[in-house]
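Colleague: First, the structure itself, so that you have it in front of you.
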Amino acid sequence: MSDAPLLEAEGVSHTYAGGQVGCADVGFTLYPGEVLGIVGESGSGKSTLLSCLSGALPPSRGRVRFAVRGQGMQDVFKLSEPERRLLMRTDWGIVHQNPRDGLRMSVSAGGNVGERLMAVGARHYGDIRSEALDWLGRVEIDAERVDHLPRTFSGGMQQRTQIARILVSQPRLVFMDEPTGGLDVSVQARLLDLLRGLVRDLGVAAVVVTHDLAVVRLLSDRLMVMRQGRVVESGLTDQVLDDPQHPYSQLLVSSVLQA
Amino acid sequence: MSTLQPAGSGAQFHSIDGVYNFAYLDEQTKRMIRRALLKAVAIPGYQVPFGGREMPVAYGWGTGGMQVTASILGVDDVLKVIDQGADDTTNAVSIRRFFNRTAGVPVTEATTEATVIQTRHRIPEKTLREDQVIVYQVPMPEPLRKLEPRETETRKMHAFAEYGLMQVKLYEDISRHGEITTTYDYPVEVNARYMMAPSPIPKFDNPKMHAMPALQLFGAGREKRIYAIPPYTKVRSLDFNDYPFEPQQFEDPCALCDAKGVFLDEVILDDKGDHMFVCSDSDHCRDRRAEGHMGPRAREAAEKGYGADE
């Protein structure tokens with residue numbers, strides 16, 4: 001991990017038009033290659049925070065800064081829209097909970113993976129295809145399925161295709177919103193294994209939002225616990241999970257059934 | 001001739017048939033469309049929204065092209081209308097008669113005589129000149145629509161020149177069929193900037209759009225969009241480096257006029273599977289036959305003593 005931060009959030013708050021608090025005064029610093037977990041129950045503001053961090057929703061207060069290549073730390077919301085959109089399809093990636101949100105369902109797996117390459121100007125079919133095959137292989141999708149539509153894939157395969165589609169542009173930061181939601185336990189375990197390997201190998205930094213403590217236990221270096229829009233506790237993942245200090249964190253940890 | 005004058009307009013109400021204004025549309029509407037046309041010419045390939053009017057034909061029958069034609073038509077113009085290359089199909093005949101009645105302009109079937117050519121699905125085989133304007137009827141002006149259904153999103157993609165998605169479509173063609181199988185409405189890049197739908201002309205005609213001496217105007221009636229390619233503008237058909245753009249090629253010449261390197265239509269001759277390929281551009285074919293060119297079918301017919309057209 002290098003010394004220069006990759007993503008910095010300062011006092012990020014968002015209040016919706018009706019006055020509901022989405023998130024309030026959230027701040028953290030993320031370094032290259034680091035994985036930050038954000039846990040909390042439904043409605044705790046995790047998704048609002050993720051939208052603010054990933055440039056989709058301008059926060060009402062506070063700022064989000066990202067180390068743009070060759071430009072140093074830049075306020076994400078002060079970048080021009082084309083710059084932000086370029087960031088979205090090169091240096092950033094968002095893994096959606098529902099693969100349907102992250103994939104083009106009527107485009108083959110290979111086309112889905114190749115899209116980011118073509119978006120930044122790749123115009124050699126053979127190269128695009130071999131790159132797509134390589135990445136589908138890395139997420140353990142059979143080369144024979146490269147021309148199949150994602151709708152013919154199982155949920156786990158769709159999720160892995162979505163991950164390959166993002167990683168192909170070699171992003172430096174990946175946002176994951178409940179990456180294992182809706183998958184059965186054994187598929188979840190394999191996906192987590194794969195994600196952990198990829199994140200470690202590629203040195204990608206990630207922000208993982210989930211309500212599943214097992215996911216953060218496996219993936220994240222640091223953890224933030226959110227409740228009612230605020231961060232109630234943060235620290236190293238093992239520290240927070242093994243010795244929770246805040247009553248809510250204690251409740252959250254103790255609610256998990258021990259198998 | 002009527003002496004009625006629309007309120008607030010300096011323009012003379014100039015009617016040919018005593019019922020409708022010259023070329024059907026009122027002068028204010030024509031001015032609005034001309035403003036859109038000027039903007040379209042200034043930004044080659046950019047889709048300019050305009051207040052499309054109801055025309056006395058159904059959407060899909062060339063209402064966009066007719067509004068553009070009505071706005072640019074003057075008393076000195078000579079109009080040619082083609083549909084799938086032919087001058088004698090229902091759509092072409094109706095539109096020609098419409099403007100002949102409402103604007104009183106002479107109409108022609110000869111490409112060389114026309115100053116305004118409204119077309120559906122083809123560009124004439126004869127090279128167009130600087131003093132000619134070609135007006136295309138466009139059903140779907142947005143080349144990205146089938147890939148991205150949101151108008152807000154496609155507008156941004158045009159604004160920021162984010163055209164990777166179109167390439168995904170061609171990628172899908174190659175991965176499924178081993179080649180780019182898009183054969184009509186083949187997407188082009190205009191003036192190294194805007195992605196544009198050339199309207200459903202065969203990709204055979206795409207190279208003709210490049211550096212064409214004539215002004216090219218496009219009108220989409222239902223979608224209410226106008227776009228243009230000024231004369232001598234760069235038009236490039238999209239492709240991959242290892243799968244370059246290739247227009248259709250025909251092995252045999254036209255069965256009637258023996259022309260090579262032209263776009264051919266298949267004509268079924270009987271119910272036993274007999275068929276022939278003839279020029280889709282009927283004017284071009286007629287001219288060649290008048291010059292004495294004879295395709296294999298025409299020769300056969302002549303030897304049997306029939307006329308070539310029978």
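Residues in the structure tokens are numbered from 1 in each chain, the chains being A, B, ... in the order shown, and ligands are numbered from 1 in the order shown.
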Taking the chain letters and numbering used in this document, name the residues of segment 112-211 of chain B that DSSP puts in strand (DSSP E or B), as a ChimeraX atom specification.
Modeller: /B:116-120,133-137,184,188-190,194-196,202
Colleague: Since we have the selection now, will you write its residues out, keeping N, CA, C and O atoms, as a compact mmCIF listing (two decimals), in the first residue's frame?
Modeller:
```txt
# COMPACT_ATOMS: atom_id res chain seq x y z
N VAL B 116 -33.81 18.80 -56.67
CA VAL B 116 -34.10 18.24 -55.34
C VAL B 116 -34.52 16.79 -55.54
O VAL B 116 -35.39 16.50 -56.35
N ILE B 117 -33.87 15.89 -54.82
CA ILE B 117 -34.21 14.48 -54.91
C ILE B 117 -34.60 13.99 -53.53
O ILE B 117 -33.79 14.02 -52.60
N GLN B 118 -35.86 13.62 -53.37
CA GLN B 118 -36.25 13.03 -52.09
C GLN B 118 -36.16 11.52 -52.23
O GLN B 118 -36.61 10.94 -53.23
N THR B 119 -35.57 10.86 -51.25
CA THR B 119 -35.32 9.44 -51.42
C THR B 119 -35.66 8.63 -50.18
O THR B 119 -35.63 9.12 -49.06
N ARG B 120 -35.99 7.38 -50.46
CA ARG B 120 -36.21 6.40 -49.41
C ARG B 120 -35.40 5.18 -49.79
O ARG B 120 -35.55 4.65 -50.88
N VAL B 133 -29.69 18.75 -54.28
CA VAL B 133 -29.88 18.46 -52.86
C VAL B 133 -30.58 17.12 -52.76
O VAL B 133 -31.55 16.88 -53.47
N ILE B 134 -30.08 16.24 -51.88
CA ILE B 134 -30.76 14.97 -51.68
C ILE B 134 -31.36 14.93 -50.27
O ILE B 134 -30.71 15.29 -49.30
N VAL B 135 -32.66 14.61 -50.22
CA VAL B 135 -33.39 14.60 -48.96
C VAL B 135 -33.76 13.15 -48.62
O VAL B 135 -34.43 12.49 -49.40
N TYR B 136 -33.31 12.68 -47.48
CA TYR B 136 -33.57 11.30 -47.08
C TYR B 136 -34.76 11.24 -46.13
O TYR B 136 -34.89 12.07 -45.23
N GLN B 137 -35.60 10.23 -46.32
CA GLN B 137 -36.66 9.95 -45.36
C GLN B 137 -36.08 9.03 -44.29
O GLN B 137 -35.53 7.98 -44.61
N TYR B 184 -27.95 -2.65 -43.83
CA TYR B 184 -28.59 -1.37 -44.16
C TYR B 184 -28.60 -0.52 -42.89
O TYR B 184 -28.40 -1.04 -41.80
N VAL B 188 -22.53 5.51 -39.45
CA VAL B 188 -21.37 6.25 -39.97
C VAL B 188 -20.96 7.34 -38.98
O VAL B 188 -21.75 7.77 -38.15
N GLU B 189 -19.71 7.75 -39.12
CA GLU B 189 -19.20 8.86 -38.33
C GLU B 189 -19.04 10.03 -39.30
O GLU B 189 -18.40 9.90 -40.34
N VAL B 190 -19.65 11.17 -38.95
CA VAL B 190 -19.66 12.31 -39.86
C VAL B 190 -18.66 13.36 -39.40
O VAL B 190 -18.67 13.76 -38.23
N TYR B 194 -19.73 13.27 -35.13
CA TYR B 194 -21.02 12.69 -34.73
C TYR B 194 -21.29 11.35 -35.37
O TYR B 194 -21.03 11.15 -36.57
N MET B 195 -21.84 10.44 -34.56
CA MET B 195 -22.31 9.16 -35.06
C MET B 195 -23.68 9.38 -35.66
O MET B 195 -24.51 10.07 -35.06
N MET B 196 -23.92 8.83 -36.83
CA MET B 196 -25.16 9.13 -37.53
C MET B 196 -25.76 7.89 -38.19
O MET B 196 -25.05 7.05 -38.70
N PRO B 202 -28.90 0.76 -48.25
CA PRO B 202 -27.98 -0.38 -48.12
C PRO B 202 -26.57 0.13 -47.86
O PRO B 202 -26.23 1.25 -48.27
```
Colleague: Name the residues in contact with His124 of chain A at a cut-off of 10 Å, using only C-alpha atoms, excluding same-chain residues fewer than 3 positions from it; report them as a PyMOL selection string.
Modeller: (chain A and resi 117-118+121+127-129) or (chain B and resi 171+239-244)
Colleague: To one decimal place in Å, what is the distance between atom CA of Arg151 of chain A and atom CA of Gln188 of chain A?
Modeller: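 Going from atom CA of Arg151 of chain A over to atom CA of Gln188 of chain A covers 19.2 Å.
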Colleague: Show me, as a ChimeraX atom specification, the residues of chain B whose atoms get within 9 Å of chain A, using only C-alpha atoms for the distance check.
Modeller: /B:147,156,159-160,162-165,167-169,171-172,174-176,239-243
Colleague: List the spatial neighbours of segment 227-244 of chain A as a PyMOL selection string - criterion: any atom at most 8 Å away, only C-alpha atoms, same-chain residues fewer than 3 positions off excluded.
Modeller: chain A and resi 21-26+37+40-41+43-46+216-217+220-224+247-250+253
Colleague: Please list as a ChimeraX atom specification every residue within 12 Å of Glu291 of chain B, counting only C-alpha atoms and excluding residues in the same chain fewer than 6 positions away.
Modeller: /B:257-259,284-285
Colleague: Applying 12 Å and only C-alpha atoms, which residues near segment 8-13 of chain A remain after dropping the ones on its own chain fewer than 3 positions away? List them as a PyMOL selection string.
Modeller: chain A and resi 4-5+16+20-32+45-46+48-55+57-68+72-77+207+228-231
Colleague: Considering only C-alpha atoms, can you say which of B:Gly74, B:Pro231, B:Gly273, B:Gly64 comes closest to Val41 of chain B?
Modeller: B:Pro231
Colleague: Could you work out how far atom CA of Ile201 of chain B lies from atom CA of Leu37 of chain B, giving the answer in Å with one decimal?
Modeller: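 Atom-to-atom, atom CA of Leu37 of chain B to atom CA of Ile201 of chain B, that is 21.1 Å.
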Colleague: Suppose you want the space between atom CA of Thr127 of chain B and atom CA of Met212 of chain B; what is it in Å?
Modeller: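 Pair atom CA of Thr127 of chain B / atom CA of Met212 of chain B returns 8.1 Å.
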Colleague: I'd like to know which of B:Pro141, B:Gln67, B:Lys272, B:Gln47 is closest to Glu27 of chain B, using only C-alpha atoms.
Modeller: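 With only C-alpha atoms as the atom set, the closest residue is B:Gln67.
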Colleague: With DSSP run on the backbone, what are the alpha helix (DSSP H) residues within segment 67-307 of chain B? I'd like them as JSON, numbers by chain.
Modeller: {"B": [67, 68, 69, 70, 71, 72, 90, 91, 92, 93, 94, 95, 96, 97, 98, 99, 100, 101, 102, 151, 152, 153, 154, 155, 156, 157, 158, 159, 164, 165, 166, 167, 168, 169, 170, 171, 172, 173, 174, 175, 176, 177, 206, 207, 208, 209, 282, 283, 284, 285, 286, 287, 288, 289, 290, 296, 297, 298, 299, 300, 301, 302, 303, 304]}
Colleague: Tell me which protein, DNA and RNA residues are within 7 Å of Ile226 of chain B, counting only C-alpha atoms, leaving out same-chain ones fewer than 5 positions away, and put them as a CSV table (one decimal) with N, CA, C and O atoms, in the first residue's frame.
Modeller:
```
chain,number,residue,atom,x,y,z
B,36,ALA,N,-33.8,25.0,-38.5
B,36,ALA,CA,-33.3,23.7,-38.1
B,36,ALA,C,-32.3,23.2,-39.1
B,36,ALA,O,-31.2,22.6,-38.7
B,37,LEU,N,-32.6,23.4,-40.4
B,37,LEU,CA,-31.7,22.9,-41.4
B,37,LEU,C,-30.3,23.6,-41.4
B,37,LEU,O,-29.3,23.0,-41.5
B,40,ALA,N,-28.4,22.2,-38.6
B,40,ALA,CA,-28.0,20.9,-39.0
B,40,ALA,C,-26.7,20.9,-39.9
B,40,ALA,O,-25.8,20.1,-39.7
B,47,GLN,N,-28.3,15.7,-34.6
B,47,GLN,CA,-29.7,15.7,-34.8
B,47,GLN,C,-30.4,16.9,-34.2
B,47,GLN,O,-30.3,17.1,-32.9
B,48,VAL,N,-31.0,17.7,-35.0
B,48,VAL,CA,-31.6,18.9,-34.5
B,48,VAL,C,-33.1,18.7,-34.3
B,48,VAL,O,-33.8,18.3,-35.3
B,49,PRO,N,-33.6,18.9,-33.1
B,49,PRO,CA,-35.1,18.7,-32.9
B,49,PRO,C,-35.8,19.8,-33.7
B,49,PRO,O,-35.3,20.9,-33.8
B,50,PHE,N,-37.0,19.5,-34.2
B,50,PHE,CA,-37.8,20.6,-34.8
B,50,PHE,C,-39.3,20.3,-34.6
B,50,PHE,O,-39.6,19.2,-34.2
B,218,PHE,N,-31.5,15.1,-44.0
B,218,PHE,CA,-32.3,14.0,-43.4
B,218,PHE,C,-33.4,14.5,-42.6
B,218,PHE,O,-33.2,15.3,-41.7
B,219,GLY,N,-34.6,14.0,-42.8
B,219,GLY,CA,-35.8,14.4,-42.0
B,219,GLY,C,-36.5,13.2,-41.4
B,219,GLY,O,-36.8,12.2,-42.1
B,220,ALA,N,-36.7,13.2,-40.1
B,220,ALA,CA,-37.4,12.1,-39.4
B,220,ALA,C,-38.7,12.7,-38.9
B,220,ALA,O,-38.7,13.5,-37.9
```
Colleague: So that I can see what lies close to Glu178 of chain A, please list as a PyMOL selection string the residues with an atom at most 7 Å from it, counting only C-alpha atoms and leaving out residues fewer than 5 positions away in the same chain.
Modeller: chain A and resi 97+209-210
Colleague: When distances are computed from only C-alpha atoms, which of B:Tyr59, B:Tyr24, B:Tyr46, B:Phe98 shows the smallest separation from Glu223 of chain B?
Modeller: B:Tyr59
Colleague: With distances taken over only C-alpha atoms, which residue among A:Pro171, A:Gly137, A:Pro150, A:Gly156 lies nearest Leu6 of chain A?
Modeller: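 Closest to Leu6 of chain A, using only C-alpha atoms: A:Pro171.
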Colleague: Counting only C-alpha atoms, which of A:Glu34, A:Asp212, A:Glu131, A:Asp177 gets nearest to Ile94 of chain A?
Modeller: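 When distances to Ile94 of chain A are compared using only C-alpha atoms, the smallest one comes from A:Asp177.
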